[in-house]
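query_15.pdb, holding PDB, C-alpha atoms:
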```
ATOM      1  CA  MET G   1      17.650 -39.266  22.207
ATOM      2  CA  SER G   2      16.940 -38.943  25.886
ATOM      3  CA  GLN G   3      13.806 -37.398  27.257
ATOM      4  CA  ASP G   4      15.746 -34.334  28.508
ATOM      5  CA  GLN G   5      17.176 -33.748  25.030
ATOM      6  CA  GLN G   6      13.747 -34.113  23.454
ATOM      7  CA  LEU G   7      12.279 -31.692  25.971
ATOM      8  CA  SER G   8      15.105 -29.206  25.386
ATOM      9  CA  SER G   9      14.659 -29.512  21.611
ATOM     10  CA  LEU G  10      10.909 -28.982  21.938
ATOM     11  CA  GLU G  11      11.406 -25.906  24.130
ATOM     12  CA  HIS G  12      13.886 -24.540  21.590
ATOM     13  CA  ASP G  13      11.402 -25.104  18.737
ATOM     14  CA  ILE G  14       8.630 -23.396  20.699
ATOM     15  CA  GLU G  15      10.865 -20.383  21.404
ATOM     16  CA  GLU G  16      11.828 -20.080  17.727
ATOM     17  CA  THR G  17       8.158 -20.266  16.743
ATOM     18  CA  ARG G  18       7.291 -17.531  19.245
ATOM     19  CA  GLU G  19      10.016 -15.293  17.830
ATOM     20  CA  ARG G  20       8.809 -15.843  14.254
ATOM     21  CA  LEU G  21       5.215 -15.126  15.283
ATOM     22  CA  ALA G  22       6.281 -11.974  17.103
ATOM     23  CA  GLY G  23       8.111 -10.806  13.973
ATOM     24  CA  THR G  24       5.091 -11.596  11.817
ATOM     25  CA  ILE G  25       2.768  -9.695  14.147
ATOM     26  CA  ASP G  26       5.128  -6.710  14.126
ATOM     27  CA  GLN G  27       5.129  -6.735  10.316
ATOM     28  CA  LEU G  28       1.343  -6.917  10.208
ATOM     29  CA  LEU G  29       1.006  -4.052  12.671
ATOM     30  CA  TYR G  30       3.395  -1.963  10.578
ATOM     31  CA  ARG G  31       1.567  -2.738   7.334
ATOM     32  CA  ALA G  32      -1.851  -2.043   8.893
ATOM     33  CA  ASN G  33      -0.763   1.258  10.439
ATOM     34  CA  PRO G  34      -2.808   4.057   8.808
ATOM     35  CA  LYS G  35       0.289   6.242   8.340
ATOM     36  CA  THR G  36       2.039   3.405   6.525
ATOM     37  CA  ILE G  37      -0.979   2.806   4.304
ATOM     38  CA  VAL G  38      -1.205   6.517   3.437
ATOM     39  CA  GLY G  39       2.521   6.631   2.718
ATOM     40  CA  ARG G  40       2.260   3.671   0.338
ATOM     41  CA  GLN G  41      -0.708   5.223  -1.463
ATOM     42  CA  VAL G  42       1.003   8.600  -1.805
ATOM     43  CA  ALA G  43       4.123   6.908  -3.178
ATOM     44  CA  SER G  44       1.980   4.974  -5.626
ATOM     45  CA  ILE G  45       0.240   8.119  -6.867
ATOM     46  CA  LYS G  46       3.513  10.025  -7.118
ATOM     47  CA  GLY G  47       4.955   7.114  -9.073
ATOM     48  CA  HIS G  48       2.111   7.441 -11.558
ATOM     49  CA  TYR G  49       2.601  11.174 -12.110
ATOM     50  CA  VAL G  50       6.352  11.576 -11.549
ATOM     51  CA  ASP G  51       9.115   9.644 -13.327
ATOM     52  CA  ARG G  52      11.044   7.837 -10.600
ATOM     53  CA  THR G  53      14.359   7.890 -12.440
ATOM     54  CA  THR G  54      14.454  11.550 -13.451
ATOM     55  CA  GLY G  55      12.019  13.116 -10.986
ATOM     56  CA  ARG G  56      10.252  14.926 -13.817
ATOM     57  CA  PRO G  57       6.479  15.104 -14.139
ATOM     58  CA  ARG G  58       4.935  12.550 -16.489
ATOM     59  CA  THR G  59       2.882  14.928 -18.596
ATOM     60  CA  ASP G  60       1.179  12.130 -20.509
ATOM     61  CA  ASN G  61      -0.458  10.774 -17.343
ATOM     62  CA  ILE G  62      -1.185  14.253 -16.027
ATOM     63  CA  LEU G  63      -2.909  15.245 -19.278
ATOM     64  CA  LYS G  64      -4.962  12.039 -19.289
ATOM     65  CA  THR G  65      -6.179  12.757 -15.766
ATOM     66  CA  VAL G  66      -6.944  16.403 -16.507
ATOM     67  CA  GLY G  67      -8.804  15.352 -19.651
ATOM     68  CA  GLY G  68     -10.868  12.865 -17.666
ATOM     69  CA  VAL G  69     -11.755  15.477 -15.073
ATOM     70  CA  VAL G  70     -12.783  17.966 -17.776
ATOM     71  CA  VAL G  71     -15.003  15.352 -19.427
ATOM     72  CA  VAL G  72     -16.685  14.497 -16.118
ATOM     73  CA  ILE G  73     -17.302  18.176 -15.349
ATOM     74  CA  ALA G  74     -18.723  18.724 -18.837
ATOM     75  CA  LEU G  75     -21.045  15.720 -18.449
ATOM     76  CA  VAL G  76     -22.283  16.954 -15.088
ATOM     77  CA  ALA G  77     -22.945  20.392 -16.584
ATOM     78  CA  VAL G  78     -24.848  18.908 -19.528
ATOM     79  CA  VAL G  79     -26.961  16.667 -17.290
ATOM     80  CA  ARG G  80     -27.807  19.576 -14.984
ATOM     81  CA  ARG G  81     -28.870  21.747 -17.917
ATOM     82  CA  ALA G  82     -30.950  18.934 -19.359
ATOM     83  CA  ASN G  83     -32.741  18.477 -16.015
ATOM     84  CA  SER G  84     -33.370  22.212 -15.558
TER      85      SER G  84
END
```
Rewrite the structure of this file - the entire thing - as structure tokens.
Amino acid sequence: MSQDQQLSSLEHDIEETRERLAGTIDQLLYRANPKTIVGRQVASIKGHYVDRTTGRPRTDNILKTVGGVVVVIALVAVVRRANS
């Protein structure tokens, strides 16, 4: 391989590496964007409380959450009364 071919091959490799890095940076910027993060979290929460196939609420998970909230509120009320 001549020196010109080696140089051309090296330049080509460097350009491909730059393009891959640019794509990687774009992906990282997209993933780190606050709106993207919020969108992922909202989708995750919706997925927990809404069946993705039917679109119906998942009452079992909703009732578990409501039950947990009621227990926490009751505990706070009991602790406040005990401290009063």
Distance in Å - atom CA of G:Arg58 versus atom CA of G:Lys35 |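 It comes out at 26.0 Å.
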Selection as a compact mmCIF listing (two decimals) with C-alpha atoms, in the frame of the given file: residues within 12 Å of (-2.8, 8.9, -8.6), counting only C-alpha atoms:
```
# COMPACT_ATOMS: atom_id res chain seq x y z
CA ARG G 40 2.26 3.67 0.34
CA GLN G 41 -0.71 5.22 -1.46
CA VAL G 42 1.00 8.60 -1.80
CA ALA G 43 4.12 6.91 -3.18
CA SER G 44 1.98 4.97 -5.63
CA ILE G 45 0.24 8.12 -6.87
CA LYS G 46 3.51 10.02 -7.12
CA GLY G 47 4.96 7.11 -9.07
CA HIS G 48 2.11 7.44 -11.56
CA TYR G 49 2.60 11.17 -12.11
CA VAL G 50 6.35 11.58 -11.55
CA ARG G 58 4.93 12.55 -16.49
CA ASN G 61 -0.46 10.77 -17.34
CA ILE G 62 -1.18 14.25 -16.03
CA LYS G 64 -4.96 12.04 -19.29
CA THR G 65 -6.18 12.76 -15.77
CA VAL G 66 -6.94 16.40 -16.51
```
Produce the centre coordinates and the three edge lengths, each in Å to one decimal, of the box along x, y and z that contains all listed atoms of stretch 32-44 of chain G with 3 Å added on each side, as JSON.
```
{"center_x": 0.7, "center_y": 3.3, "center_z": 2.4, "size_x": 12.9, "size_y": 16.6, "size_z": 22.1}
```
Rounded to one decimal place, report the atom CA of G:Leu29-atom CA of G:Ile14 distance in Å.
->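 Computing it gives 22.3 Å between the two atoms.
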May I ask for the distance between atom CA of G:Pro34 and atom CA of G:Gly68, given in Å to one decimal place?
->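 Between atom CA of G:Pro34 and atom CA of G:Gly68 the gap is 29.0 Å.
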Could you add N, CA and C atoms to stretch 23-57 of chain G and give me the result as an mmCIF file, in the frame of the given file?
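Everything below was put into selection23.cif:
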```cif
data_model
loop_
_atom_site.group_PDB
_atom_site.id
_atom_site.type_symbol
_atom_site.label_atom_id
_atom_site.label_comp_id
_atom_site.auth_asym_id
_atom_site.auth_seq_id
_atom_site.Cartn_x
_atom_site.Cartn_y
_atom_site.Cartn_z
ATOM 1 N N GLY G 23 7.663 -11.569 15.141
ATOM 2 C CA GLY G 23 8.111 -10.806 13.973
ATOM 3 C C GLY G 23 6.990 -10.621 12.970
ATOM 4 N N THR G 24 6.205 -11.667 12.752
ATOM 5 C CA THR G 24 5.091 -11.596 11.817
ATOM 6 C C THR G 24 4.040 -10.599 12.303
ATOM 7 N N ILE G 25 3.746 -10.629 13.582
ATOM 8 C CA ILE G 25 2.768 -9.695 14.147
ATOM 9 C C ILE G 25 3.270 -8.268 14.021
ATOM 10 N N ASP G 26 4.563 -8.053 14.282
ATOM 11 C CA ASP G 26 5.128 -6.710 14.126
ATOM 12 C C ASP G 26 4.998 -6.220 12.683
ATOM 13 N N GLN G 27 5.260 -7.112 11.724
ATOM 14 C CA GLN G 27 5.129 -6.735 10.316
ATOM 15 C C GLN G 27 3.681 -6.394 9.981
ATOM 16 N N LEU G 28 2.754 -7.181 10.475
ATOM 17 C CA LEU G 28 1.343 -6.917 10.208
ATOM 18 C C LEU G 28 0.898 -5.596 10.826
ATOM 19 N N LEU G 29 1.347 -5.322 12.031
ATOM 20 C CA LEU G 29 1.006 -4.052 12.671
ATOM 21 C C LEU G 29 1.566 -2.882 11.878
ATOM 22 N N TYR G 30 2.785 -3.028 11.381
ATOM 23 C CA TYR G 30 3.395 -1.963 10.578
ATOM 24 C C TYR G 30 2.611 -1.757 9.290
ATOM 25 N N ARG G 31 2.286 -2.841 8.608
ATOM 26 C CA ARG G 31 1.567 -2.738 7.334
ATOM 27 C C ARG G 31 0.156 -2.194 7.520
ATOM 28 N N ALA G 32 -0.478 -2.471 8.657
ATOM 29 C CA ALA G 32 -1.851 -2.043 8.893
ATOM 30 C C ALA G 32 -1.932 -0.646 9.512
ATOM 31 N N ASN G 33 -0.790 -0.074 9.852
ATOM 32 C CA ASN G 33 -0.763 1.258 10.439
ATOM 33 C C ASN G 33 -1.282 2.267 9.405
ATOM 34 N N PRO G 34 -2.246 3.098 9.772
ATOM 35 C CA PRO G 34 -2.808 4.057 8.808
ATOM 36 C C PRO G 34 -1.755 4.959 8.164
ATOM 37 N N LYS G 35 -0.752 5.384 8.916
ATOM 38 C CA LYS G 35 0.289 6.242 8.340
ATOM 39 C C LYS G 35 1.078 5.486 7.275
ATOM 40 N N THR G 36 1.323 4.215 7.505
ATOM 41 C CA THR G 36 2.039 3.405 6.525
ATOM 42 C C THR G 36 1.202 3.229 5.266
ATOM 43 N N ILE G 37 -0.082 2.978 5.453
ATOM 44 C CA ILE G 37 -0.979 2.806 4.304
ATOM 45 C C ILE G 37 -1.029 4.093 3.478
ATOM 46 N N VAL G 38 -1.168 5.233 4.142
ATOM 47 C CA VAL G 38 -1.205 6.517 3.437
ATOM 48 C C VAL G 38 0.115 6.751 2.705
ATOM 49 N N GLY G 39 1.212 6.452 3.359
ATOM 50 C CA GLY G 39 2.521 6.631 2.718
ATOM 51 C C GLY G 39 2.670 5.789 1.465
ATOM 52 N N ARG G 40 2.197 4.539 1.522
ATOM 53 C CA ARG G 40 2.260 3.671 0.338
ATOM 54 C C ARG G 40 1.398 4.219 -0.784
ATOM 55 N N GLN G 41 0.200 4.702 -0.444
ATOM 56 C CA GLN G 41 -0.708 5.223 -1.463
ATOM 57 C C GLN G 41 -0.158 6.499 -2.099
ATOM 58 N N VAL G 42 0.414 7.367 -1.280
ATOM 59 C CA VAL G 42 1.003 8.600 -1.805
ATOM 60 C C VAL G 42 2.167 8.261 -2.734
ATOM 61 N N ALA G 43 2.998 7.321 -2.328
ATOM 62 C CA ALA G 43 4.123 6.908 -3.178
ATOM 63 C C ALA G 43 3.624 6.314 -4.490
ATOM 64 N N SER G 44 2.548 5.567 -4.418
ATOM 65 C CA SER G 44 1.980 4.974 -5.626
ATOM 66 C C SER G 44 1.471 6.054 -6.575
ATOM 67 N N ILE G 45 0.773 7.030 -6.037
ATOM 68 C CA ILE G 45 0.240 8.119 -6.867
ATOM 69 C C ILE G 45 1.373 8.954 -7.445
ATOM 70 N N LYS G 46 2.364 9.269 -6.618
ATOM 71 C CA LYS G 46 3.513 10.025 -7.118
ATOM 72 C C LYS G 46 4.216 9.249 -8.227
ATOM 73 N N GLY G 47 4.315 7.944 -8.052
ATOM 74 C CA GLY G 47 4.955 7.114 -9.073
ATOM 75 C C GLY G 47 4.212 7.153 -10.388
ATOM 76 N N HIS G 48 2.915 7.373 -10.336
ATOM 77 C CA HIS G 48 2.111 7.441 -11.558
ATOM 78 C C HIS G 48 2.293 8.778 -12.265
ATOM 79 N N TYR G 49 2.513 9.840 -11.522
ATOM 80 C CA TYR G 49 2.601 11.174 -12.110
ATOM 81 C C TYR G 49 4.012 11.754 -12.166
ATOM 82 N N VAL G 50 4.974 11.094 -11.540
ATOM 83 C CA VAL G 50 6.352 11.576 -11.549
ATOM 84 C C VAL G 50 7.257 10.416 -11.942
ATOM 85 N N ASP G 51 8.160 10.669 -12.901
ATOM 86 C CA ASP G 51 9.115 9.644 -13.327
ATOM 87 C C ASP G 51 10.102 9.387 -12.193
ATOM 88 N N ARG G 52 10.202 8.160 -11.761
ATOM 89 C CA ARG G 52 11.044 7.837 -10.600
ATOM 90 C C ARG G 52 12.532 7.988 -10.897
ATOM 91 N N THR G 53 12.928 7.810 -12.132
ATOM 92 C CA THR G 53 14.359 7.890 -12.440
ATOM 93 C C THR G 53 14.830 9.332 -12.582
ATOM 94 N N THR G 54 14.020 10.173 -13.217
ATOM 95 C CA THR G 54 14.454 11.550 -13.451
ATOM 96 C C THR G 54 13.837 12.547 -12.476
ATOM 97 N N GLY G 55 12.703 12.194 -11.883
ATOM 98 C CA GLY G 55 12.019 13.116 -10.986
ATOM 99 C C GLY G 55 11.160 14.133 -11.714
ATOM 100 N N ARG G 56 11.056 13.990 -13.020
ATOM 101 C CA ARG G 56 10.252 14.926 -13.817
ATOM 102 C C ARG G 56 8.792 14.481 -13.863
ATOM 103 N N PRO G 57 7.903 15.453 -14.021
ATOM 104 C CA PRO G 57 6.479 15.104 -14.139
ATOM 105 C C PRO G 57 6.237 14.289 -15.413
#
```
